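Quick notes on the structure that follows.
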Amino acid sequence: MSRSTEPLIFELSSPGRLGVDLPRCDVPSVDPGKAIGQNLVSSTGPDLPELSEIDVIRHFTRLSKRNIGVDTSFYPLGSCTMKYNPKVNEDLASLPGFASVHPLQPADDAQGTLRLLYELEQFLVEIGGMDAASLQPAAGAQGEMTGLMLIRAYHMANGDSARRKILVPDSSHGTNPASAALTGFEVVEVMSNDRGGVDLEDLKRLTDETVAGLMLTNPNTLGLFDENIEEIVKIVHNAGGLAYYDGANMNAILGICRPGDMGFDVMHFNLHKTFSTPHGGGGPGSGPVAVKKHLTRFLPKPRVRKDSDGRYYLDNDCPDSIGKVRSFCGNVGVCIKAYCYIRQMGAAGLTEVSKNAVLNANYLLSRLKGTYDLPYDRTCMHEFVLSAENLKSSGVKARDVAKRLLDYGVHPPTVYFPLIVHEALMVEPTETETIETLDAFADAMIAIARESESDKEKVLGAPHETVVGRLDEVLAARKPDLRWKPRAGAAAE
Ligand SMILES: *Cc1c(COP(=O)(O)O)cnc(C)c1O
């Protein structure tokens with residue numbers, strides 16, 4: 001359902017109209033048929049729109065304004081840490097010495113970049129309380145897979161091939177069971193208790209000598225810090241398993257506590273969440289893994305190292321390594337931005353980040369808990385999970401609240417996740433928002449709850465203010481219609 005009457009860029013086209021003048025060709029022309037074979041040469045030119053430069057600029061500027069992004073709106077998408085992405089990160093990552101370096105450049109010509117990667121590993125090791133790290137994985141989920149491969153390599157090296165199970169709490173992020181299954185493990189779900197933490201009795205019942213490890217997020221996807229974290233890790237260790245920490249969301253604990261100190265053996269970070277690099281829309285990510293000493297020799301190669309003369313180099317001589325999980329050193333551009341962020345904040349600044357992230361979340365929680373159900377009524381960490389169950393009598397669901405928020409100019413929170421909360425609305429404000437923005441969001445959420453009583457059609461029919469209304473989500477995902485086909489005399493749809 002489209003409300004747009006703007007013509008498509010193809011419909012703006014006028015034959016022969018030019019946006020740019022290309023310079024005259026100053027090399028001999030080549031017959032493409034001879035160069036690549038006649039069967040590969042198209043007999044017609046590409047059917048591209050022909051426009052003036054200003055038409056093109058207006059077209060793309062208009063399109064860019066149709067999106068909601070963190071640079072336009074509050075974006076409390078739980079578990080995704082949509083904090084502000086400082087523009088200084090972009091400036092520094094664009095410096096020619098970084099932007100022009102080639103992955104195959106000799107180490108002597110790339111000392112600055114290698115030093116940055118080396119130091120970033122050290123920072124992450126320090127922040128996580130671990131012993132070594134690899135920046136290679138290109139996303140959180142790939143970090144998980146890498147970590148699980150390390151766990152398997154460890155057990156195999158110990159001749160312990162019977163360990164085929166990975167324990168995953170029922171509150172876990174969907175990537176956890178997916179990564180475990182993809183890596184070839186059997187996924188075993190552990191129940192949560194009524195405080196939102198891991199059920200210790202269930203964990204004990206499931207933990208035996210067939211368990212390779214446990215994957216845990218803490219604070220978990222309910223935004224709650226597990227009160228038994230040390231006991232949980234001990235149960236797994238006592239049975240010979242390893243503990244994996246999903247550190248996609250470190251935003252509550254920077255400088256306050258460390259997964260390594262909680263006992264975890266391996267973890268990943270999401271630089272594109274906690275460390276302020278842009279994400280969403282499928283942009284590049286980075287999911288470094290960090291490990292304790294006993295897993296270091298299995299890390300992906302090459303490792304970034306420093307020799308006794310202070311020279312940085314890439315070490316491929318790593319006989320126990322699980323190998324490469326991505327080409328070269330990972331998404332180096334993302335690493336540069338995260339490095340800038342860490343250096344700019346400093347240790348004290350990162351601690352402030354987490355304190356403010358937790359404060360902002362608890363402020364919003366206290367403003368909203370009288371209006372929406374709160375299944376686990378505890379002090380939250382960087383995020384919290386409400387339920388829209390109490391609006392159900394009026395027919396309004398979490399999905400409708402999310403759609404209506406768009407009319408208030410807010411990106412919706414995460415909905416229907418975690419799975420253990422019905423009609424879940426998962427709110428993560430992050431530390432970079434002002435109290436005025438938080439209040440505007442709380443006011444909108446409260447107004448929508450009132451509308452659900454007084455004017456529910458307005459909520460059920462939302463959004464009303466966007467270019468596109470409610471889509472058939474299944475059809476849009478399964479059969480996206482993205483191709484423009486020329487039709488004689490067709491008007492814009
Ligand atoms: C985002 C997230 C992931 C996955 O990270 P991607 O970079 O999207 O693959 C894993 N676990 C948790 C808890 C997350 O929030």
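Each chain of the structure tokens is named A, B, ... in the order shown, its residues numbered from 1; ligands are numbered from 1 in display order.
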query: Can I get the residues close to ligand 1 as a PyMOL selection string, where close means within 6 Å and we count only C-alpha atoms and all ligand atoms?
result: chain A and resi 79-80+139-141+173+175+246+248-249
Using N, CA and C atoms, can you export the residues from the last selection as a PDB file, in the first residue's frame?
```pdb
ATOM      1  N   SER A  79      18.201  -4.693  22.104  1.00  0.00           N
ATOM      2  CA  SER A  79      19.222  -5.673  21.750  1.00  0.00           C
ATOM      3  C   SER A  79      20.101  -5.197  20.595  1.00  0.00           C
ATOM      4  N   CYS A  80      19.774  -4.043  20.005  1.00  0.00           N
ATOM      5  CA  CYS A  80      20.551  -3.576  18.849  1.00  0.00           C
ATOM      6  C   CYS A  80      21.450  -2.384  19.158  1.00  0.00           C
ATOM      7  N   ALA A 139      30.686 -10.226  11.962  1.00  0.00           N
ATOM      8  CA  ALA A 139      29.401  -9.910  12.586  1.00  0.00           C
ATOM      9  C   ALA A 139      29.321 -10.651  13.908  1.00  0.00           C
ATOM     10  N   GLY A 140      28.337 -10.273  14.723  1.00  0.00           N
ATOM     11  CA  GLY A 140      28.159 -10.957  15.990  1.00  0.00           C
ATOM     12  C   GLY A 140      27.937 -12.448  15.789  1.00  0.00           C
ATOM     13  N   ALA A 141      27.034 -12.778  14.864  1.00  0.00           N
ATOM     14  CA  ALA A 141      26.724 -14.193  14.654  1.00  0.00           C
ATOM     15  C   ALA A 141      27.960 -14.954  14.176  1.00  0.00           C
ATOM     16  N   HIS A 173      19.239 -14.860  22.407  1.00  0.00           N
ATOM     17  CA  HIS A 173      19.113 -14.259  21.079  1.00  0.00           C
ATOM     18  C   HIS A 173      19.063 -15.395  20.061  1.00  0.00           C
ATOM     19  N   THR A 175      20.323 -15.877  17.297  1.00  0.00           N
ATOM     20  CA  THR A 175      21.567 -16.297  16.653  1.00  0.00           C
ATOM     21  C   THR A 175      22.289 -17.381  17.450  1.00  0.00           C
ATOM     22  N   ASP A 246      27.917 -14.216  25.136  1.00  0.00           N
ATOM     23  CA  ASP A 246      27.453 -13.417  24.007  1.00  0.00           C
ATOM     24  C   ASP A 246      27.554 -11.949  24.416  1.00  0.00           C
ATOM     25  N   ALA A 248      27.361  -9.249  22.555  1.00  0.00           N
ATOM     26  CA  ALA A 248      26.845  -8.298  21.566  1.00  0.00           C
ATOM     27  C   ALA A 248      26.443  -6.998  22.256  1.00  0.00           C
ATOM     28  N   ASN A 249      25.890  -7.139  23.436  1.00  0.00           N
ATOM     29  CA  ASN A 249      25.388  -5.966  24.161  1.00  0.00           C
ATOM     30  C   ASN A 249      26.210  -5.766  25.430  1.00  0.00           C
TER      31      ASN A 249
END
```
task: as JSON, numbers by chain, list the residues of region 39-279 of chain A assigned to helix (DSSP H, G or I) by DSSP on the backbone atoms of this structure.
output: {"A": [39, 40, 53, 54, 55, 56, 57, 58, 59, 60, 61, 62, 63, 64, 65, 87, 88, 89, 90, 91, 92, 93, 96, 97, 98, 99, 107, 108, 109, 110, 111, 112, 113, 114, 115, 116, 117, 118, 119, 120, 121, 122, 123, 124, 125, 126, 127, 128, 140, 141, 142, 143, 144, 145, 146, 147, 148, 149, 150, 151, 152, 153, 154, 155, 156, 157, 175, 176, 177, 178, 179, 180, 181, 182, 200, 201, 202, 203, 204, 205, 206, 229, 230, 231, 232, 233, 234, 235, 236, 237, 238, 259, 260, 261, 262]}
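Residues with any atom within 8 Å of region 183-200 of chain A, counting only C-alpha atoms and excluding same-chain neighbours fewer than 6 positions away, are Met145, Leu148, Met149, Arg164, Lys165, Ile166, Leu167, Val168, Pro169, Asp170, Ser171, Pro177, Leu206, Asn220, Leu222, Leu224, Phe225, Asp226, Glu227, Asn228, Ile232 and Tyr376 of chain A.
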So that I have them on file, write out the residues from the current selection with N, CA, C and O atoms, as a PDB file, in the first residue's frame.
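Ended up saving to result_19.pdb:
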```
ATOM      1  N   MET A 145      29.864 -18.182  15.897  1.00  0.00           N
ATOM      2  CA  MET A 145      30.283 -19.402  15.206  1.00  0.00           C
ATOM      3  C   MET A 145      31.772 -19.653  15.437  1.00  0.00           C
ATOM      4  O   MET A 145      32.186 -20.785  15.717  1.00  0.00           O
ATOM      5  N   LEU A 148      32.356 -20.955  18.897  1.00  0.00           N
ATOM      6  CA  LEU A 148      31.954 -22.363  19.027  1.00  0.00           C
ATOM      7  C   LEU A 148      32.964 -23.281  18.344  1.00  0.00           C
ATOM      8  O   LEU A 148      33.227 -24.394  18.820  1.00  0.00           O
ATOM      9  N   MET A 149      33.551 -22.800  17.245  1.00  0.00           N
ATOM     10  CA  MET A 149      34.603 -23.599  16.595  1.00  0.00           C
ATOM     11  C   MET A 149      35.819 -23.718  17.530  1.00  0.00           C
ATOM     12  O   MET A 149      36.488 -24.756  17.570  1.00  0.00           O
ATOM     13  N   ARG A 164      28.888 -32.973  22.296  1.00  0.00           N
ATOM     14  CA  ARG A 164      28.198 -32.527  21.084  1.00  0.00           C
ATOM     15  C   ARG A 164      27.064 -31.545  21.374  1.00  0.00           C
ATOM     16  O   ARG A 164      26.388 -31.089  20.479  1.00  0.00           O
ATOM     17  N   LYS A 165      26.850 -31.232  22.672  1.00  0.00           N
ATOM     18  CA  LYS A 165      25.694 -30.376  23.004  1.00  0.00           C
ATOM     19  C   LYS A 165      26.119 -28.969  23.425  1.00  0.00           C
ATOM     20  O   LYS A 165      27.120 -28.796  24.119  1.00  0.00           O
ATOM     21  N   ILE A 166      25.332 -28.005  22.994  1.00  0.00           N
ATOM     22  CA  ILE A 166      25.497 -26.629  23.473  1.00  0.00           C
ATOM     23  C   ILE A 166      24.202 -26.233  24.180  1.00  0.00           C
ATOM     24  O   ILE A 166      23.114 -26.359  23.621  1.00  0.00           O
ATOM     25  N   LEU A 167      24.349 -25.792  25.431  1.00  0.00           N
ATOM     26  CA  LEU A 167      23.190 -25.355  26.206  1.00  0.00           C
ATOM     27  C   LEU A 167      22.910 -23.879  25.912  1.00  0.00           C
ATOM     28  O   LEU A 167      23.834 -23.065  25.871  1.00  0.00           O
ATOM     29  N   VAL A 168      21.634 -23.571  25.698  1.00  0.00           N
ATOM     30  CA  VAL A 168      21.236 -22.201  25.360  1.00  0.00           C
ATOM     31  C   VAL A 168      19.960 -21.869  26.132  1.00  0.00           C
ATOM     32  O   VAL A 168      18.968 -22.588  26.007  1.00  0.00           O
ATOM     33  N   PRO A 169      19.955 -20.800  26.925  1.00  0.00           N
ATOM     34  CA  PRO A 169      18.731 -20.456  27.666  1.00  0.00           C
ATOM     35  C   PRO A 169      17.570 -20.093  26.721  1.00  0.00           C
ATOM     36  O   PRO A 169      17.811 -19.637  25.597  1.00  0.00           O
ATOM     37  N   ASP A 170      16.347 -20.282  27.204  1.00  0.00           N
ATOM     38  CA  ASP A 170      15.180 -19.994  26.350  1.00  0.00           C
ATOM     39  C   ASP A 170      14.996 -18.492  26.103  1.00  0.00           C
ATOM     40  O   ASP A 170      14.194 -18.090  25.271  1.00  0.00           O
ATOM     41  N   SER A 171      15.750 -17.662  26.822  1.00  0.00           N
ATOM     42  CA  SER A 171      15.679 -16.213  26.594  1.00  0.00           C
ATOM     43  C   SER A 171      16.730 -15.745  25.578  1.00  0.00           C
ATOM     44  O   SER A 171      16.842 -14.559  25.311  1.00  0.00           O
ATOM     45  N   PRO A 177      21.203 -20.288  19.229  1.00  0.00           N
ATOM     46  CA  PRO A 177      20.926 -21.651  18.753  1.00  0.00           C
ATOM     47  C   PRO A 177      21.272 -21.844  17.276  1.00  0.00           C
ATOM     48  O   PRO A 177      21.735 -22.919  16.879  1.00  0.00           O
ATOM     49  N   LEU A 206      20.623 -30.753  32.972  1.00  0.00           N
ATOM     50  CA  LEU A 206      21.021 -30.908  31.571  1.00  0.00           C
ATOM     51  C   LEU A 206      22.535 -31.002  31.372  1.00  0.00           C
ATOM     52  O   LEU A 206      23.001 -31.338  30.283  1.00  0.00           O
ATOM     53  N   ASN A 220      20.920 -10.449  30.200  1.00  0.00           N
ATOM     54  CA  ASN A 220      20.282 -11.250  29.155  1.00  0.00           C
ATOM     55  C   ASN A 220      19.324 -10.406  28.315  1.00  0.00           C
ATOM     56  O   ASN A 220      19.253  -9.189  28.473  1.00  0.00           O
ATOM     57  N   LEU A 222      16.335  -9.984  28.497  1.00  0.00           N
ATOM     58  CA  LEU A 222      15.311  -9.269  29.263  1.00  0.00           C
ATOM     59  C   LEU A 222      15.896  -7.995  29.863  1.00  0.00           C
ATOM     60  O   LEU A 222      15.209  -7.243  30.549  1.00  0.00           O
ATOM     61  N   LEU A 224      18.234  -8.127  32.104  1.00  0.00           N
ATOM     62  CA  LEU A 224      18.460  -8.448  33.521  1.00  0.00           C
ATOM     63  C   LEU A 224      19.819  -9.116  33.714  1.00  0.00           C
ATOM     64  O   LEU A 224      20.224  -9.962  32.919  1.00  0.00           O
ATOM     65  N   PHE A 225      20.492  -8.731  34.772  1.00  0.00           N
ATOM     66  CA  PHE A 225      21.776  -9.322  35.115  1.00  0.00           C
ATOM     67  C   PHE A 225      21.502 -10.603  35.895  1.00  0.00           C
ATOM     68  O   PHE A 225      20.749 -10.601  36.862  1.00  0.00           O
ATOM     69  N   ASP A 226      22.105 -11.703  35.452  1.00  0.00           N
ATOM     70  CA  ASP A 226      21.815 -12.973  36.129  1.00  0.00           C
ATOM     71  C   ASP A 226      22.426 -12.995  37.521  1.00  0.00           C
ATOM     72  O   ASP A 226      23.633 -12.822  37.681  1.00  0.00           O
ATOM     73  N   GLU A 227      21.572 -13.229  38.512  1.00  0.00           N
ATOM     74  CA  GLU A 227      22.022 -13.161  39.909  1.00  0.00           C
ATOM     75  C   GLU A 227      22.916 -14.333  40.293  1.00  0.00           C
ATOM     76  O   GLU A 227      23.586 -14.302  41.321  1.00  0.00           O
ATOM     77  N   ASN A 228      22.930 -15.371  39.459  1.00  0.00           N
ATOM     78  CA  ASN A 228      23.718 -16.573  39.793  1.00  0.00           C
ATOM     79  C   ASN A 228      24.843 -16.818  38.796  1.00  0.00           C
ATOM     80  O   ASN A 228      25.242 -17.961  38.579  1.00  0.00           O
ATOM     81  N   ILE A 232      26.437 -20.441  37.713  1.00  0.00           N
ATOM     82  CA  ILE A 232      26.104 -21.010  36.396  1.00  0.00           C
ATOM     83  C   ILE A 232      27.371 -21.474  35.679  1.00  0.00           C
ATOM     84  O   ILE A 232      27.454 -22.608  35.187  1.00  0.00           O
ATOM     85  N   TYR A 376       8.852  -9.015  34.295  1.00  0.00           N
ATOM     86  CA  TYR A 376       9.909  -9.220  35.294  1.00  0.00           C
ATOM     87  C   TYR A 376      10.211  -7.864  35.917  1.00  0.00           C
ATOM     88  O   TYR A 376      10.913  -7.047  35.325  1.00  0.00           O
TER      89      TYR A 376
END
```
- prompt: Quick one: of A:Val56, A:Leu95, A:Val291, A:Leu406, who's nearest to Asp265 (chain A), counting only C-alpha atoms?
  reply: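 Closest residue, counting only C-alpha atoms: A:Val291.
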task: Find the distance between CA of Pro288 (chain A) and CA of Val236 (chain A) and write it in Å to one decimal.
output: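 Straight-line distance from CA of Pro288 (chain A) to CA of Val236 (chain A) works out to 23.5 Å.
Candidate residues A:Leu368, A:Leu314, A:Val467, A:Leu475 were compared for distance to Ala444 (chain A), and the nearest is A:Leu368, using only C-alpha atoms.
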message: Would you compute the distance between CA of Gly223 (chain A) and CA of Ala290 (chain A)? Give it in Å to one decimal.
response: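 One can read the CA of Gly223 (chain A) to CA of Ala290 (chain A) distance as 22.5 Å.
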- line: Closest of A:Glu231, A:Tyr312, A:Gly78, A:Asp320 to Phe417 (chain A), counting only C-alpha atoms, is A:Gly78
field: Residue with smallest distance to Leu48 (chain A) - pool A:Glu457, A:Glu11, A:Asp31, A:Asp26, counting only C-alpha atoms
entry: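 Closest residue, counting only C-alpha atoms: A:Glu11.
The gap separating CA of Ser452 (chain A) from CA of Leu391 (chain A) is 6.9 Å, in Å to one decimal.
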field: Given only C-alpha atoms as the counted atoms, nearest of A:Thr437, A:Thr466, A:Thr414, A:Ser393 to Ser73 (chain A)
entry: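 Closest candidate: A:Thr437.
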query: Do you know which residues are at most 8 Å from region 422-436 of chain A counting only C-alpha atoms, after dropping those on the same chain fewer than 2 positions away, and could you put them as number ranges by chain?
result: A: 74-84, 222, 251, 353-354, 356-358, 360-361, 382-389, 397-399, 413-420, 438-440
message: Using only C-alpha atoms, which protein or nucleic acid residues come within 10 Å of Pro300 (chain A)? Drop anything in the same chain fewer than 6 positions from it, and give the result as an MDAnalysis selection string.
response: chainID A and resid 133:137 146:147 149:150 289 316 318 320:326 329
